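Content type compact mmCIF, C-alpha atoms, from the file structure.txt:
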```txt
# COMPACT_ATOMS: atom_id res chain seq x y z
CA MET A 85 4.88 -19.46 -81.68
CA SER A 86 4.72 -19.86 -77.92
CA ALA A 87 1.47 -19.36 -76.02
CA ASP A 88 1.98 -19.69 -72.30
CA ILE A 89 -1.49 -18.62 -71.21
CA HIS A 90 -1.95 -19.84 -67.66
CA PHE A 91 -4.72 -22.24 -66.60
CA PHE A 92 -5.47 -22.47 -62.89
CA PRO A 93 -6.07 -25.84 -61.20
CA ARG A 94 -9.73 -26.54 -60.43
CA VAL A 95 -10.06 -26.46 -56.66
CA THR A 96 -13.65 -25.59 -55.69
CA ILE A 97 -17.02 -25.21 -57.41
CA GLU A 98 -17.20 -21.65 -56.05
CA GLN A 99 -13.85 -20.83 -57.70
CA VAL A 100 -14.87 -22.38 -61.03
CA GLU A 101 -18.39 -20.88 -61.21
CA GLU A 102 -18.12 -17.56 -59.41
CA GLY A 103 -14.44 -16.65 -59.70
CA LYS A 104 -12.19 -14.81 -62.10
CA GLU A 105 -9.63 -17.61 -62.55
CA LEU A 106 -9.44 -19.32 -65.93
CA ALA A 107 -9.61 -23.03 -65.04
CA PRO A 108 -10.88 -24.86 -68.11
CA LYS A 109 -11.91 -28.51 -67.90
CA PHE A 110 -10.69 -30.78 -70.69
CA ASP A 111 -12.39 -34.13 -71.26
CA ALA A 112 -10.83 -37.61 -71.29
CA ASP A 113 -9.44 -36.87 -74.77
CA GLY A 114 -7.94 -33.58 -73.60
CA LEU A 115 -10.56 -31.51 -75.44
CA ILE A 116 -13.01 -28.73 -74.64
CA VAL A 117 -16.03 -28.05 -76.85
CA CYS A 118 -16.31 -24.69 -78.60
CA VAL A 119 -19.28 -23.03 -80.27
CA THR A 120 -18.48 -20.29 -82.75
CA THR A 121 -21.00 -17.62 -83.72
CA ALA A 122 -20.94 -14.70 -86.13
CA ALA A 123 -20.35 -11.59 -84.00
CA LYS A 124 -22.58 -9.45 -86.21
CA THR A 125 -25.63 -11.73 -86.53
CA GLY A 126 -25.47 -14.24 -83.66
CA GLU A 127 -25.71 -17.08 -86.17
CA VAL A 128 -24.02 -20.30 -85.06
CA LEU A 129 -21.28 -20.97 -87.61
CA MET A 130 -19.75 -24.18 -86.33
CA LEU A 131 -19.14 -26.37 -83.36
CA GLY A 132 -15.59 -27.56 -82.81
CA TYR A 133 -13.14 -28.77 -80.21
CA MET A 134 -9.94 -27.33 -78.75
CA ASN A 135 -7.10 -28.96 -76.90
CA ALA A 136 -5.11 -26.88 -74.38
CA GLU A 137 -2.72 -25.61 -77.04
CA ALA A 138 -5.55 -24.57 -79.38
CA LEU A 139 -7.26 -22.65 -76.57
CA ARG A 140 -3.99 -20.98 -75.57
CA ARG A 141 -3.22 -19.96 -79.15
CA THR A 142 -6.75 -18.64 -79.66
CA ILE A 143 -6.44 -16.47 -76.55
CA ALA A 144 -2.92 -15.29 -77.36
CA THR A 145 -3.44 -14.55 -81.07
CA GLY A 146 -7.11 -13.58 -81.28
CA GLU A 147 -7.59 -16.02 -84.17
CA ALA A 148 -9.58 -19.24 -83.77
CA HIS A 149 -7.56 -22.43 -83.39
CA TYR A 150 -9.19 -25.85 -82.99
CA TRP A 151 -8.18 -29.48 -82.60
CA SER A 152 -9.33 -31.39 -85.65
CA ARG A 153 -10.67 -34.70 -84.38
CA SER A 154 -10.93 -36.16 -87.87
CA ARG A 155 -7.40 -35.19 -88.87
CA GLN A 156 -5.90 -35.31 -85.34
CA ILE A 157 -4.00 -32.05 -85.79
CA LEU A 158 -3.90 -28.56 -84.31
CA TRP A 159 -5.93 -26.54 -86.76
CA HIS A 160 -5.53 -22.81 -87.36
CA LYS A 161 -8.92 -22.24 -88.97
CA GLY A 162 -8.46 -20.66 -92.39
CA ALA A 163 -4.82 -21.71 -92.82
CA ASN A 164 -5.86 -23.73 -95.90
CA SER A 165 -9.02 -21.96 -97.01
CA GLY A 166 -8.13 -18.38 -96.09
CA LEU A 167 -11.40 -18.23 -94.11
CA VAL A 168 -9.73 -17.03 -90.89
CA GLN A 169 -11.94 -16.34 -87.87
CA LYS A 170 -11.01 -13.15 -85.97
CA VAL A 171 -12.14 -13.43 -82.34
CA VAL A 172 -14.26 -10.48 -81.20
CA GLU A 173 -15.05 -12.07 -77.84
CA LEU A 174 -14.23 -15.32 -76.06
CA ARG A 175 -16.50 -16.55 -73.30
CA ILE A 176 -16.36 -19.56 -71.01
CA ASP A 177 -19.32 -21.22 -69.34
CA ASP A 178 -20.30 -21.76 -65.71
CA ASP A 179 -18.34 -24.96 -65.08
CA GLN A 180 -15.65 -23.96 -67.61
CA ASP A 181 -16.06 -26.99 -69.86
CA ALA A 182 -17.29 -25.09 -72.92
CA VAL A 183 -16.07 -22.06 -74.88
CA TRP A 184 -18.04 -19.58 -76.97
CA LEU A 185 -16.24 -17.60 -79.67
CA ARG A 186 -17.85 -14.58 -81.31
CA VAL A 187 -15.96 -14.03 -84.55
CA ASP A 188 -15.70 -12.06 -87.75
CA VAL A 189 -14.92 -14.36 -90.65
CA VAL A 190 -12.67 -13.36 -93.52
CA GLY A 191 -14.73 -14.31 -96.58
CA ASP A 192 -17.89 -14.90 -94.56
CA ALA A 193 -17.96 -18.70 -94.93
CA SER A 194 -17.12 -21.16 -92.14
CA CYS A 195 -18.38 -24.50 -93.47
CA HIS A 196 -16.23 -26.93 -95.44
CA VAL A 197 -19.26 -27.82 -97.59
CA GLY A 198 -19.27 -24.22 -98.86
CA TYR A 199 -22.05 -22.66 -96.80
CA ARG A 200 -21.80 -19.68 -94.44
CA SER A 201 -22.76 -21.79 -91.42
CA CYS A 202 -22.32 -25.52 -90.87
CA PHE A 203 -25.94 -25.45 -89.67
CA TYR A 204 -27.53 -24.84 -93.07
CA ARG A 205 -30.44 -27.26 -92.58
CA SER A 206 -33.36 -27.23 -90.16
CA VAL A 207 -35.50 -30.04 -88.77
CA PRO A 208 -39.24 -29.28 -88.42
CA VAL A 209 -40.31 -29.53 -84.76
CA GLY A 210 -43.66 -30.12 -83.04
CA ALA A 211 -46.64 -32.21 -84.19
CA GLY A 212 -46.07 -34.05 -87.47
CA ASP A 213 -44.91 -37.24 -89.11
CA ASP A 214 -42.23 -39.51 -87.68
CA VAL A 215 -40.11 -38.82 -90.76
CA ARG A 216 -38.92 -35.20 -90.77
CA GLU A 217 -37.48 -33.93 -94.03
CA LEU A 218 -34.58 -31.52 -93.57
CA LYS A 219 -35.09 -28.03 -94.97
CA PHE A 220 -32.21 -26.07 -96.51
CA GLU A 221 -32.07 -22.65 -94.81
CA GLU A 222 -29.12 -21.64 -96.99
CA THR A 223 -29.73 -22.26 -100.66
CA GLU A 224 -26.48 -21.11 -102.21
CA LYS A 225 -22.87 -22.02 -101.45
CA LEU A 226 -20.45 -19.14 -100.92
CA PHE A 227 -17.52 -21.05 -102.37
CA ASP A 228 -16.74 -24.22 -104.27
CA PRO A 229 -15.09 -26.68 -101.83
CA VAL A 230 -13.27 -28.42 -104.70
CA VAL A 231 -11.59 -25.15 -105.70
CA VAL A 232 -10.75 -24.15 -102.12
CA TYR A 233 -9.71 -27.50 -100.64
CA GLY A 234 -8.60 -29.39 -103.73
CA ASP A 235 -7.86 -32.99 -102.85
CA VAL A 236 -7.76 -32.50 -99.06
CA PRO A 237 -9.88 -35.39 -97.72
CA ASN A 238 -13.43 -34.51 -96.62
CA PRO A 239 -13.43 -34.36 -92.78
CA THR A 240 -16.94 -35.85 -92.49
CA LYS A 241 -16.97 -39.40 -91.07
CA LEU A 242 -19.88 -41.82 -91.39
CA MET B 178 -44.92 -40.02 -74.12
CA SER B 179 -43.74 -41.84 -77.19
CA ALA B 180 -41.53 -40.10 -79.73
CA ASP B 181 -40.90 -42.31 -82.73
CA ILE B 182 -39.08 -39.74 -84.84
CA HIS B 183 -37.19 -41.67 -87.50
CA PHE B 184 -33.42 -41.48 -87.91
CA PHE B 185 -32.00 -42.74 -91.21
CA PRO B 186 -28.88 -44.91 -91.30
CA ARG B 187 -25.74 -43.02 -92.41
CA VAL B 188 -24.80 -44.42 -95.80
CA THR B 189 -22.80 -41.85 -97.76
CA ILE B 190 -21.14 -38.48 -97.12
CA GLU B 191 -23.26 -37.02 -99.93
CA GLN B 192 -26.45 -38.19 -98.17
CA VAL B 193 -25.33 -36.84 -94.78
CA GLU B 194 -24.05 -33.45 -96.00
CA GLU B 195 -26.22 -32.64 -99.00
CA GLY B 196 -29.40 -34.63 -98.41
CA LYS B 197 -32.73 -34.13 -96.67
CA GLU B 198 -32.56 -37.26 -94.51
CA LEU B 199 -32.16 -36.83 -90.76
CA ALA B 200 -29.25 -39.14 -89.94
CA PRO B 201 -27.70 -37.89 -86.68
CA LYS B 202 -24.38 -39.25 -85.46
CA PHE B 203 -24.16 -40.13 -81.77
CA ASP B 204 -20.75 -40.51 -80.13
CA ALA B 205 -19.34 -43.51 -78.25
CA ASP B 206 -21.52 -42.54 -75.25
CA GLY B 207 -24.64 -42.31 -77.43
CA LEU B 208 -24.69 -38.51 -77.27
CA ILE B 209 -24.85 -35.61 -79.71
CA VAL B 210 -23.73 -32.12 -78.69
CA CYS B 211 -26.29 -29.29 -78.71
CA VAL B 212 -25.80 -25.53 -78.60
CA THR B 213 -28.79 -23.50 -77.49
CA THR B 214 -29.18 -19.82 -78.35
CA ALA B 215 -31.79 -17.19 -77.53
CA ALA B 216 -33.95 -16.86 -80.65
CA LYS B 217 -34.42 -13.12 -80.13
CA THR B 218 -30.82 -12.07 -79.44
CA GLY B 219 -28.55 -14.81 -80.80
CA GLU B 220 -26.88 -15.10 -77.41
CA VAL B 221 -25.52 -18.55 -76.59
CA LEU B 222 -27.39 -19.72 -73.50
CA MET B 223 -25.90 -23.15 -72.90
CA LEU B 224 -24.16 -26.10 -74.37
CA GLY B 225 -25.62 -29.51 -73.63
CA TYR B 226 -25.87 -33.06 -74.85
CA MET B 227 -28.75 -35.20 -76.13
CA ASN B 228 -29.14 -38.92 -76.43
CA ALA B 229 -31.44 -40.29 -79.15
CA GLU B 230 -34.50 -40.12 -76.89
CA ALA B 231 -33.81 -36.50 -75.90
CA LEU B 232 -33.43 -35.49 -79.56
CA ARG B 233 -36.63 -37.34 -80.51
CA ARG B 234 -38.60 -35.72 -77.69
CA THR B 235 -37.25 -32.27 -78.53
CA ILE B 236 -38.36 -32.69 -82.14
CA ALA B 237 -41.75 -34.17 -81.24
CA THR B 238 -42.69 -31.75 -78.44
CA GLY B 239 -40.93 -28.53 -79.44
CA GLU B 240 -39.47 -28.24 -75.93
CA ALA B 241 -35.76 -28.78 -75.26
CA HIS B 242 -34.77 -32.12 -73.76
CA TYR B 243 -31.17 -33.03 -72.92
CA TRP B 244 -29.20 -35.89 -71.46
CA SER B 245 -27.69 -34.78 -68.16
CA ARG B 246 -24.17 -36.21 -68.07
CA SER B 247 -23.66 -35.28 -64.41
CA ARG B 248 -26.95 -36.79 -63.28
CA GLN B 249 -27.17 -39.50 -65.99
CA ILE B 250 -30.85 -38.86 -66.67
CA LEU B 251 -33.08 -37.67 -69.48
CA TRP B 252 -33.65 -34.02 -68.65
CA HIS B 253 -36.69 -32.01 -69.71
CA LYS B 254 -35.12 -28.58 -69.26
CA GLY B 255 -37.27 -26.52 -66.90
CA ALA B 256 -39.05 -29.49 -65.29
CA ASN B 257 -37.56 -28.49 -61.92
CA SER B 258 -36.89 -24.78 -62.38
CA GLY B 259 -39.85 -23.85 -64.60
CA LEU B 260 -37.33 -22.35 -67.07
CA VAL B 261 -38.66 -24.31 -70.07
CA GLN B 262 -37.04 -23.72 -73.46
CA LYS B 263 -39.54 -23.45 -76.35
CA VAL B 264 -37.85 -24.41 -79.61
CA VAL B 265 -38.28 -21.81 -82.35
CA GLU B 266 -35.93 -23.61 -84.74
CA LEU B 267 -33.82 -26.76 -84.67
CA ARG B 268 -30.86 -27.04 -86.99
CA ILE B 269 -28.35 -29.80 -87.63
CA ASP B 270 -24.82 -29.37 -88.93
CA ASP B 271 -23.05 -30.58 -92.07
CA ASP B 272 -21.97 -34.00 -90.82
CA GLN B 273 -25.00 -34.24 -88.51
CA ASP B 274 -23.06 -34.62 -85.27
CA ALA B 275 -24.20 -31.34 -83.69
CA VAL B 276 -27.56 -29.68 -83.08
CA TRP B 277 -28.41 -25.99 -82.76
CA LEU B 278 -31.59 -24.99 -80.92
CA ARG B 279 -32.97 -21.46 -81.17
CA VAL B 280 -35.30 -21.06 -78.20
CA ASP B 281 -37.53 -18.75 -76.24
CA VAL B 282 -37.01 -19.27 -72.51
CA VAL B 283 -39.81 -19.03 -69.98
CA GLY B 284 -38.38 -16.72 -67.31
CA ASP B 285 -35.40 -15.71 -69.47
CA ALA B 286 -32.73 -17.58 -67.47
CA SER B 287 -31.00 -20.76 -68.63
CA CYS B 288 -28.07 -21.13 -66.26
CA HIS B 289 -28.18 -23.11 -63.01
CA VAL B 290 -25.93 -20.48 -61.37
CA GLY B 291 -28.73 -17.93 -61.86
CA TYR B 292 -27.55 -16.02 -64.90
CA ARG B 293 -29.34 -15.61 -68.24
CA SER B 294 -26.60 -17.43 -70.12
CA CYS B 295 -24.14 -20.03 -68.86
CA PHE B 296 -21.50 -17.96 -70.67
CA TYR B 297 -21.54 -15.00 -68.28
CA ARG B 298 -17.75 -14.48 -68.24
CA SER B 299 -15.33 -13.47 -70.97
CA VAL B 300 -11.60 -14.10 -71.38
CA PRO B 301 -9.54 -11.19 -72.78
CA VAL B 302 -7.89 -12.18 -76.09
CA GLY B 303 -4.86 -10.90 -77.99
CA ALA B 304 -1.62 -9.41 -76.66
CA GLY B 305 -1.36 -9.37 -72.87
CA ASP B 306 -0.21 -11.21 -69.78
CA ASP B 307 -0.12 -14.99 -69.47
CA VAL B 308 -2.66 -14.77 -66.66
CA ARG B 309 -6.04 -13.61 -68.01
CA GLU B 310 -8.58 -12.50 -65.45
CA LEU B 311 -12.15 -13.45 -66.33
CA LYS B 312 -14.57 -10.55 -66.76
CA PHE B 313 -18.21 -10.83 -65.71
CA GLU B 314 -20.39 -9.81 -68.67
CA GLU B 315 -23.55 -10.38 -66.64
CA THR B 316 -23.43 -8.64 -63.28
CA GLU B 317 -26.76 -9.64 -61.79
CA LYS B 318 -28.39 -13.03 -61.31
CA LEU B 319 -31.96 -13.41 -62.57
CA PHE B 320 -32.89 -15.87 -59.85
CA ASP B 321 -31.53 -17.34 -56.63
CA PRO B 322 -30.42 -20.92 -57.31
CA VAL B 323 -31.01 -21.90 -53.68
CA VAL B 324 -34.66 -20.87 -53.92
CA VAL B 325 -35.22 -22.49 -57.34
CA TYR B 326 -33.25 -25.72 -56.93
CA GLY B 327 -33.27 -26.15 -53.15
CA ASP B 328 -31.06 -29.07 -52.19
CA VAL B 329 -30.70 -30.54 -55.69
CA PRO B 330 -26.94 -31.23 -56.02
CA ASN B 331 -24.95 -28.72 -58.08
CA PRO B 332 -24.26 -30.35 -61.48
CA THR B 333 -20.78 -28.82 -61.80
CA LYS B 334 -17.97 -31.36 -61.45
CA LEU B 335 -14.35 -30.49 -60.70
```

Now, as a test, write the supplied structure out as structure tokens.
Amino acid sequence: MSADIHFFPRVTIEQVEEGKELAPKFDADGLIVCVTTAAKTGEVLMLGYMNAEALRRTIATGEAHYWSRSRQILWHKGANSGLVQKVVELRIDDDQDAVWLRVDVVGDASCHVGYRSCFYRSVPVGAGDDVRELKFEETEKLFDPVVVYGDVPNPTKL
Amino acid sequence: MSADIHFFPRVTIEQVEEGKELAPKFDADGLIVCVTTAAKTGEVLMLGYMNAEALRRTIATGEAHYWSRSRQILWHKGANSGLVQKVVELRIDDDQDAVWLRVDVVGDASCHVGYRSCFYRSVPVGAGDDVRELKFEETEKLFDPVVVYGDVPNPTKL
């Protein structure tokens, strides 16, 4: 498909911060960071990256597309797993170098490990020991990654 | 202050994804990305970056610290503006290369432009023209940046 969504050149800070022109800033790798939350609950589901094409396709289709840094491919989220993210709202931040997607997820899960959110563990904050044991905030996986992804390599890098 | 919070070395994918050891991954610039949401509403307030020291101080003090990429300094959010972010919960994602802070904000505003959230504009998605006009979702600033920041340079870069 073609997605010719127009990006304006970045000319002034006033234009970028206070204007109505979409003028996203991509980093040295051609990427913009994207946080994706569940529209219904506000829960952060994942944090990903988009290149220009992924952002254009997300805007044009209303379904989340990312750039997979580990696999180095344009990634229509859910194309393999079926866990498509339908965009309820797309926002851009003050200096237009970050995107926020509010989505509904087909199947409810967004994490390749099998949890609803990628952020399934918390770190205790405030006074305490130097070693902080992570706490699982989700205790049950919504799907079995082996069944869903088969022998697709795990995207996590050490 | 000293913040000697311990980070474990990253040894296996199993350890990083399924374990209870805090083993954050910093990028080539020594940074980890951080999304900050309002604990009460789930609204995304900002997207920032932390170096190891900022993450340690956030964990140890329960107040959000970032690394300012534009100013290249450790940044105790609110030190200038008074808009301190009190951490209600800190989460880390599956491969431990992203942090999610749920915070209460003194004064309610988190954006240097004066809005509550940095993400005060939306981009229409789905069928439509190639040019998408941004829509202001917040219509009123909570503070006057000139009064709060004075002649501190605007962090936005073109």

Handout entry: Distance criterion (all atoms listed in the file): nearest to B:Ala304 out of A:Val128, A:Ile143, A:Val189, A:Val230
Key = A:Ile143

Env of B:Val308: 9 Å cut, atoms = only C-alpha atoms, seq-sep filter 5 positions within chain, self excluded. Answer as a compact mmCIF listing (two decimals) with C-alpha atoms, keeping the file's coordinate frame.
```txt
# COMPACT_ATOMS: atom_id res chain seq x y z
CA ASP A 88 1.98 -19.69 -72.30
CA ILE A 89 -1.49 -18.62 -71.21
CA HIS A 90 -1.95 -19.84 -67.66
CA PHE A 91 -4.72 -22.24 -66.60
CA GLU A 105 -9.63 -17.61 -62.55
CA LEU A 106 -9.44 -19.32 -65.93
```

Practice task
Point out the residue among A:Gln169, A:Asn238, A:Asn164, A:Gln156 with the least atom-to-atom distance to chain B, counting only C-alpha atoms.
Solution key: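 That would be A:Asn238, the residue with the smallest distance to chain B.
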
For A:Asp228, find every residue with an atom within 9 Å (counting all atoms listed in the file), except residues of its own chain fewer than 4 positions away, and show them as a short mmCIF file (atom, residue, chain, number, x, y, z; two decimals) with C-alpha atoms, keeping the file's coordinate frame.
```cif
data_model
loop_
_atom_site.label_atom_id
_atom_site.label_comp_id
_atom_site.auth_asym_id
_atom_site.auth_seq_id
_atom_site.Cartn_x
_atom_site.Cartn_y
_atom_site.Cartn_z
CA VAL A 197 -19.26 -27.82 -97.59
CA GLY A 198 -19.27 -24.22 -98.86
CA VAL A 232 -10.75 -24.15 -102.12
CA TYR A 233 -9.71 -27.50 -100.64
#
```

Practice task
Point out the residue among A:Arg140, A:Ala163, A:Glu127, A:Arg205 with the least atom-to-atom distance to A:Glu217, counting only C-alpha atoms.
Solution key: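 Distance minimum relative to A:Glu217 lands on A:Arg205.
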
Dump as JSON lines the rows for residues of chain A within 6 Å of chain B: closest atom pair and distance in Å with one decimal, only C-alpha atoms counted, ordered by chain and rising residue number.
```
{"residue": "A:Asp88", "atom": "CA", "partner": "B:Asp307", "partner_atom": "CA", "distance": 5.9}
{"residue": "A:Ile89", "atom": "CA", "partner": "B:Asp307", "partner_atom": "CA", "distance": 4.3}
{"residue": "A:His90", "atom": "CA", "partner": "B:Val308", "partner_atom": "CA", "distance": 5.2}
{"residue": "A:Lys104", "atom": "CA", "partner": "B:Leu311", "partner_atom": "CA", "distance": 4.4}
{"residue": "A:Glu105", "atom": "CA", "partner": "B:Glu310", "partner_atom": "CA", "distance": 6.0}
{"residue": "A:Gly126", "atom": "CA", "partner": "B:Gly219", "partner_atom": "CA", "distance": 4.2}
{"residue": "A:Ile143", "atom": "CA", "partner": "B:Val302", "partner_atom": "CA", "distance": 4.6}
{"residue": "A:Ala144", "atom": "CA", "partner": "B:Gly303", "partner_atom": "CA", "distance": 4.8}
{"residue": "A:Thr145", "atom": "CA", "partner": "B:Gly303", "partner_atom": "CA", "distance": 5.0}
{"residue": "A:Gly146", "atom": "CA", "partner": "B:Gly303", "partner_atom": "CA", "distance": 4.8}
{"residue": "A:Leu174", "atom": "CA", "partner": "B:Val300", "partner_atom": "CA", "distance": 5.5}
{"residue": "A:Arg175", "atom": "CA", "partner": "B:Ser299", "partner_atom": "CA", "distance": 4.0}
{"residue": "A:Ile176", "atom": "CA", "partner": "B:Phe296", "partner_atom": "CA", "distance": 5.4}
{"residue": "A:Asp177", "atom": "CA", "partner": "B:Phe296", "partner_atom": "CA", "distance": 4.1}
{"residue": "A:Asp178", "atom": "CA", "partner": "B:Cys295", "partner_atom": "CA", "distance": 5.3}
{"residue": "A:Asp179", "atom": "CA", "partner": "B:Thr333", "partner_atom": "CA", "distance": 5.6}
{"residue": "A:Cys202", "atom": "CA", "partner": "B:Asp270", "partner_atom": "CA", "distance": 5.0}
{"residue": "A:Phe203", "atom": "CA", "partner": "B:Asp270", "partner_atom": "CA", "distance": 4.1}
{"residue": "A:Arg205", "atom": "CA", "partner": "B:Arg268", "partner_atom": "CA", "distance": 5.6}
{"residue": "A:Ser206", "atom": "CA", "partner": "B:Arg268", "partner_atom": "CA", "distance": 4.0}
{"residue": "A:Val207", "atom": "CA", "partner": "B:Leu267", "partner_atom": "CA", "distance": 5.5}
{"residue": "A:Val209", "atom": "CA", "partner": "B:Ile236", "partner_atom": "CA", "distance": 4.5}
{"residue": "A:Gly210", "atom": "CA", "partner": "B:Gly239", "partner_atom": "CA", "distance": 4.8}
{"residue": "A:Asp214", "atom": "CA", "partner": "B:Ile182", "partner_atom": "CA", "distance": 4.2}
{"residue": "A:Val215", "atom": "CA", "partner": "B:His183", "partner_atom": "CA", "distance": 5.2}
{"residue": "A:Glu217", "atom": "CA", "partner": "B:Lys197", "partner_atom": "CA", "distance": 5.4}
{"residue": "A:Leu218", "atom": "CA", "partner": "B:Lys197", "partner_atom": "CA", "distance": 4.5}
{"residue": "A:Thr240", "atom": "CA", "partner": "B:Asp272", "partner_atom": "CA", "distance": 5.6}
```

Problem - One-decimal distance in Å that lies between atom CA of A:Arg200 and atom CA of B:Ala205 - result: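 So the two atoms, atom CA of B:Ala205 and atom CA of A:Arg200, lie 28.9 Å apart.
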
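The shortest atom-to-atom distance to B:Glu317, with only C-alpha atoms taken into account, belongs to B:Ala286 out of B:Val261, B:Ala286, B:Ala231, B:Ile209.
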
Exercise for the section: May I ask for the distance between atom CA of B:Leu232 and atom CA of A:Gly114, given in Å to one decimal place? Expected result: 26.2 Å

Handout entry: Distance criterion (all atoms listed in the file): nearest to B:Gly284 out of B:Ala241, B:Ile250, B:Leu319, B:Met227
Key = B:Leu319

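The closest residue to A:Pro237, picked from A:Ser154, A:Ser165, A:Ser194, A:Thr223 and counting only C-alpha atoms, is A:Ser154.
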
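Put simply, atom CA of B:Gly259 is 14.6 Å away from atom CA of B:Val280.
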
Kindly output stretch 197-203 of chain B as a JSON list (two decimals), in the frame of the given file, after building all heavy atoms.
```json
[["chain", "number", "residue", "atom", "x", "y", "z"],
["B", 197, "LYS", "N", -31.63, -34.59, -97.53],
["B", 197, "LYS", "CA", -32.73, -34.13, -96.67],
["B", 197, "LYS", "C", -33.11, -35.18, -95.63],
["B", 197, "LYS", "O", -34.15, -35.08, -94.99],
["B", 197, "LYS", "CB", -33.94, -33.77, -97.54],
["B", 197, "LYS", "CG", -33.67, -32.58, -98.46],
["B", 197, "LYS", "CD", -34.91, -32.14, -99.21],
["B", 197, "LYS", "CE", -34.62, -30.86, -99.99],
["B", 197, "LYS", "NZ", -35.82, -30.37, -100.71],
["B", 198, "GLU", "N", -32.27, -36.21, -95.49],
["B", 198, "GLU", "CA", -32.56, -37.26, -94.51],
["B", 198, "GLU", "C", -31.90, -36.93, -93.18],
["B", 198, "GLU", "O", -30.71, -36.61, -93.12],
["B", 198, "GLU", "CB", -32.05, -38.61, -95.02],
["B", 198, "GLU", "CG", -32.80, -39.10, -96.25],
["B", 198, "GLU", "CD", -32.37, -40.49, -96.70],
["B", 198, "GLU", "OE1", -31.36, -41.00, -96.18],
["B", 198, "GLU", "OE2", -33.05, -41.05, -97.58],
["B", 199, "LEU", "N", -32.69, -37.04, -92.11],
["B", 199, "LEU", "CA", -32.16, -36.83, -90.76],
["B", 199, "LEU", "C", -31.42, -38.09, -90.33],
["B", 199, "LEU", "O", -32.03, -39.14, -90.11],
["B", 199, "LEU", "CB", -33.32, -36.51, -89.81],
["B", 199, "LEU", "CG", -32.98, -36.29, -88.34],
["B", 199, "LEU", "CD1", -31.99, -35.15, -88.16],
["B", 199, "LEU", "CD2", -34.24, -36.04, -87.53],
["B", 200, "ALA", "N", -30.09, -37.98, -90.24],
["B", 200, "ALA", "CA", -29.25, -39.14, -89.94],
["B", 200, "ALA", "C", -28.19, -38.73, -88.91],
["B", 200, "ALA", "O", -26.99, -38.70, -89.20],
["B", 200, "ALA", "CB", -28.59, -39.66, -91.22],
["B", 201, "PRO", "N", -28.63, -38.43, -87.68],
["B", 201, "PRO", "CA", -27.70, -37.89, -86.68],
["B", 201, "PRO", "C", -26.65, -38.92, -86.28],
["B", 201, "PRO", "O", -26.90, -40.12, -86.29],
["B", 201, "PRO", "CB", -28.60, -37.55, -85.49],
["B", 201, "PRO", "CG", -29.82, -38.38, -85.66],
["B", 201, "PRO", "CD", -30.01, -38.55, -87.14],
["B", 202, "LYS", "N", -25.47, -38.40, -85.92],
["B", 202, "LYS", "CA", -24.38, -39.25, -85.46],
["B", 202, "LYS", "C", -24.21, -39.08, -83.96],
["B", 202, "LYS", "O", -23.94, -37.98, -83.48],
["B", 202, "LYS", "CB", -23.09, -38.87, -86.17],
["B", 202, "LYS", "CG", -21.91, -39.75, -85.80],
["B", 202, "LYS", "CD", -20.67, -39.38, -86.59],
["B", 202, "LYS", "CE", -19.55, -40.38, -86.37],
["B", 202, "LYS", "NZ", -18.39, -40.08, -87.23],
["B", 203, "PHE", "N", -24.37, -40.15, -83.22],
["B", 203, "PHE", "CA", -24.16, -40.13, -81.77],
["B", 203, "PHE", "C", -22.76, -40.67, -81.48],
["B", 203, "PHE", "O", -22.27, -41.54, -82.19],
["B", 203, "PHE", "CB", -25.24, -40.95, -81.08],
["B", 203, "PHE", "CG", -26.63, -40.39, -81.30],
["B", 203, "PHE", "CD1", -27.42, -40.83, -82.36],
["B", 203, "PHE", "CD2", -27.14, -39.40, -80.48],
["B", 203, "PHE", "CE1", -28.69, -40.30, -82.59],
["B", 203, "PHE", "CE2", -28.41, -38.86, -80.70],
["B", 203, "PHE", "CZ", -29.18, -39.31, -81.75]]
```
